[in-house]
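These notes are about the structure you will find just below.
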Amino acid sequence: MLFSEYIGNLNSTIELLDEKQITGFIDLIYKAYIEEKMVFVIGNGGSAANASHLAQDLAKGTRRNLAQIKRIKALSLTDNLPFITALGNDDGYDTIFEQQLITFANPGDILICISGSGNSPNILKATKWATEHKLITVGITGFDGGELMKLCEHSVHVPLNNMFIVESIHSVIFHYILIELNNILAKERL
């Protein structure tokens with residue numbers, strides 16, 4: 001594949017995105033900020049890297065200064081390696097996110113689930129638990145959305161069967177969300 005073909009696939013897929021899904025996602029995060037709820041982010045592989053990046057950007061990238069008290073409270077559950085490896089070893093890899101949610105989450109918190117295929121067992125198990133315990137669930141998917149898109153209350157779907165481009169577009173979406181949240185929060189601080 002030529003780089004020009006890659007860019008063409010990227011751009012043509014971005015044009016297919018549902019802008020209402022993205023603006024709804026921004027609204028959910030802003031509401032969590034207003035209500036001082038936690039935003040948990042999960043994913044595997046490249047989606048784990050995207051989860052870490054998104055959580056960091058939400059928590060740090062939206063604050064204006066060190067003294068700012070009210071912040072977006074975001075945490076990637078992919079980053080707690082001792083807990084993840086203990087759970088994976090003792091209880092099975094499919095429990096690594098669900099068990100952390102049991103420890104840290106409360107009703108009304110948000111769970112952002114990033115899965116290109118939408119079929120990762122540990123993501124689905126965590127999503128089911130979150131739904132049963134009244135967390136707001138957002139599925140960030142690719143391909144056909146898999147089971148995750150059916151389970152989540154909200155979704156942002158990238159309709160493409162290429163994991164590399166899907167993960168790239170997820171990153172583009174997350175950066176756009178950060179730009180918009182910063183615009184919203186800047187108006188609030190005037």
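The way I read the labels, and the way they are meant: chains A, B, ... in the order of the structure tokens, residue 1 as the first residue of every chain, and ligand 1 as the first ligand shown, with later ones counted on from there.
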
Assign secondary structure with DSSP using the backbone only, and return the residues of segment 105-151 of chain A in strand (DSSP E or B) as a PyMOL selection string.
-> chain A and resi 110-115+136-141

Hey, could you make a per-residue contact list for segment 97-189 of chain A against segment 61-84 of chain A with 12 Å as the cut-off, showing the nearest pair of atoms and its distance in Å to one decimal, counting only C-alpha atoms, sorted by chain and number, as a tab-separated table?
residue	atom	partner	partner_atom	distance
A:Phe97	CA	A:Leu77	CA	6.6
A:Glu98	CA	A:Leu77	CA	9.7
A:Gln99	CA	A:Ile84	CA	9.2
A:Gln100	CA	A:Leu77	CA	7.2
A:Leu101	CA	A:Leu77	CA	8.5
A:Ile102	CA	A:Leu77	CA	11.8
A:Thr103	CA	A:Phe83	CA	10.8
A:Phe104	CA	A:Leu77	CA	9.9
A:Ala105	CA	A:Leu75	CA	10.8
A:Asp109	CA	A:Lys73	CA	9.8
A:Ile110	CA	A:Ala74	CA	9.2
A:Leu111	CA	A:Ser76	CA	9.8
A:Ile112	CA	A:Ser76	CA	9.3
A:Cys113	CA	A:Ser76	CA	10.3
A:Ile114	CA	A:Ser76	CA	11.0
A:Asn122	CA	A:Ile84	CA	11.3
A:Ile123	CA	A:Leu77	CA	11.1
A:Ala126	CA	A:Leu77	CA	10.9
A:Phe174	CA	A:Gly61	CA	11.7
A:His175	CA	A:Gly61	CA	10.2
A:Ile177	CA	A:Thr62	CA	10.6
A:Leu178	CA	A:Thr62	CA	7.2
A:Ile179	CA	A:Thr62	CA	8.8
A:Glu180	CA	A:Thr62	CA	10.0
A:Leu181	CA	A:Thr62	CA	7.2
A:Asn182	CA	A:Thr62	CA	5.7
A:Asn183	CA	A:Thr62	CA	9.4
A:Ile184	CA	A:Thr62	CA	10.0
A:Leu185	CA	A:Thr62	CA	7.7
A:Ala186	CA	A:Arg64	CA	8.7
A:Glu188	CA	A:Lys70	CA	11.8
A:Arg189	CA	A:Arg64	CA	9.5

Pick from A:His157, A:Lys134, A:Lys187, A:Lys150 nearest to Ile173 of chain A, counting only C-alpha atoms =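 The answer is A:His157, which sits nearest to Ile173 of chain A.
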
Step one, run DSSP on the backbone; step two, keep only residues of chain A assigned to alpha helix (DSSP H); then write them as an MDAnalysis selection string.
-> chainID A and resid 3:14 19:35 46:59 81:91 98:104 121:132 146:151 163:188

Within 9 Å of segment 10-23 of chain A, counting only C-alpha atoms, which residues qualify if same-chain residues fewer than 5 places away don't, as a list in words?
->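 Listing them by chain and then by number gives Glu5, Leu28, His154, Ser155, Val156, His157, Val158, Pro159, Leu160, Ile165, Val166, Ser168, Ile169, Ile173 and Ile177 of chain A.
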
Go through A:Ala130, A:Ala55, A:Ile26, A:Leu151 one by one, measure the shortest atom-to-atom distance of each to Val39 of chain A using only C-alpha atoms, and give the residue with the smallest value.
->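 When distances to Val39 of chain A are compared using only C-alpha atoms, the smallest one comes from A:Ala55.
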
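Relative to atom CA of Leu148 of chain A, atom CA of Leu124 of chain A is found at 6.2 Å.
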
Using only C-alpha atoms, which residue out of A:Ser171, A:Pro121, A:Ser115, A:Phe164 lies closest to Gly92 of chain A?
->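 Looking at the shortest contact to Gly92 of chain A, the residue is A:Pro121.
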
Near Cys152 of chain A, counting only C-alpha atoms, which residues have an atom at most 8 Å away, once you skip same-chain residues fewer than 5 positions from it, shown as a ChimeraX atom specification?
-> /A:127,131,137-139

State, in Å with one decimal place, the distance from atom CA of Lys125 of chain A to atom CA of Ile96 of chain A.
->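 One can read the atom CA of Lys125 of chain A to atom CA of Ile96 of chain A distance as 9.3 Å.
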
Mind giving me the straight-line distance from atom CA of Gly116 of chain A to atom CA of Thr141 of chain A in Å, one decimal?
->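 Computing the Euclidean distance for atom CA of Gly116 of chain A and atom CA of Thr141 of chain A yields 4.8 Å.
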
Given the choices A:Tyr30, A:Ser117, A:Ala51, A:Trp129, which gets closest to Phe143 of chain A if the distance is worked out from only C-alpha atoms?
-> A:Ser117

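Counting only C-alpha atoms and comparing A:Met1, A:Met149, A:Val172, A:Ile140, the residue that lies closest to Gly43 of chain A is A:Ile140.
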
Would you mind telling me which residue in A:Glu36, A:Asn161, A:Gly24, A:Asn44 lies nearest to Tyr93 of chain A when using only C-alpha atoms?
-> A:Asn44
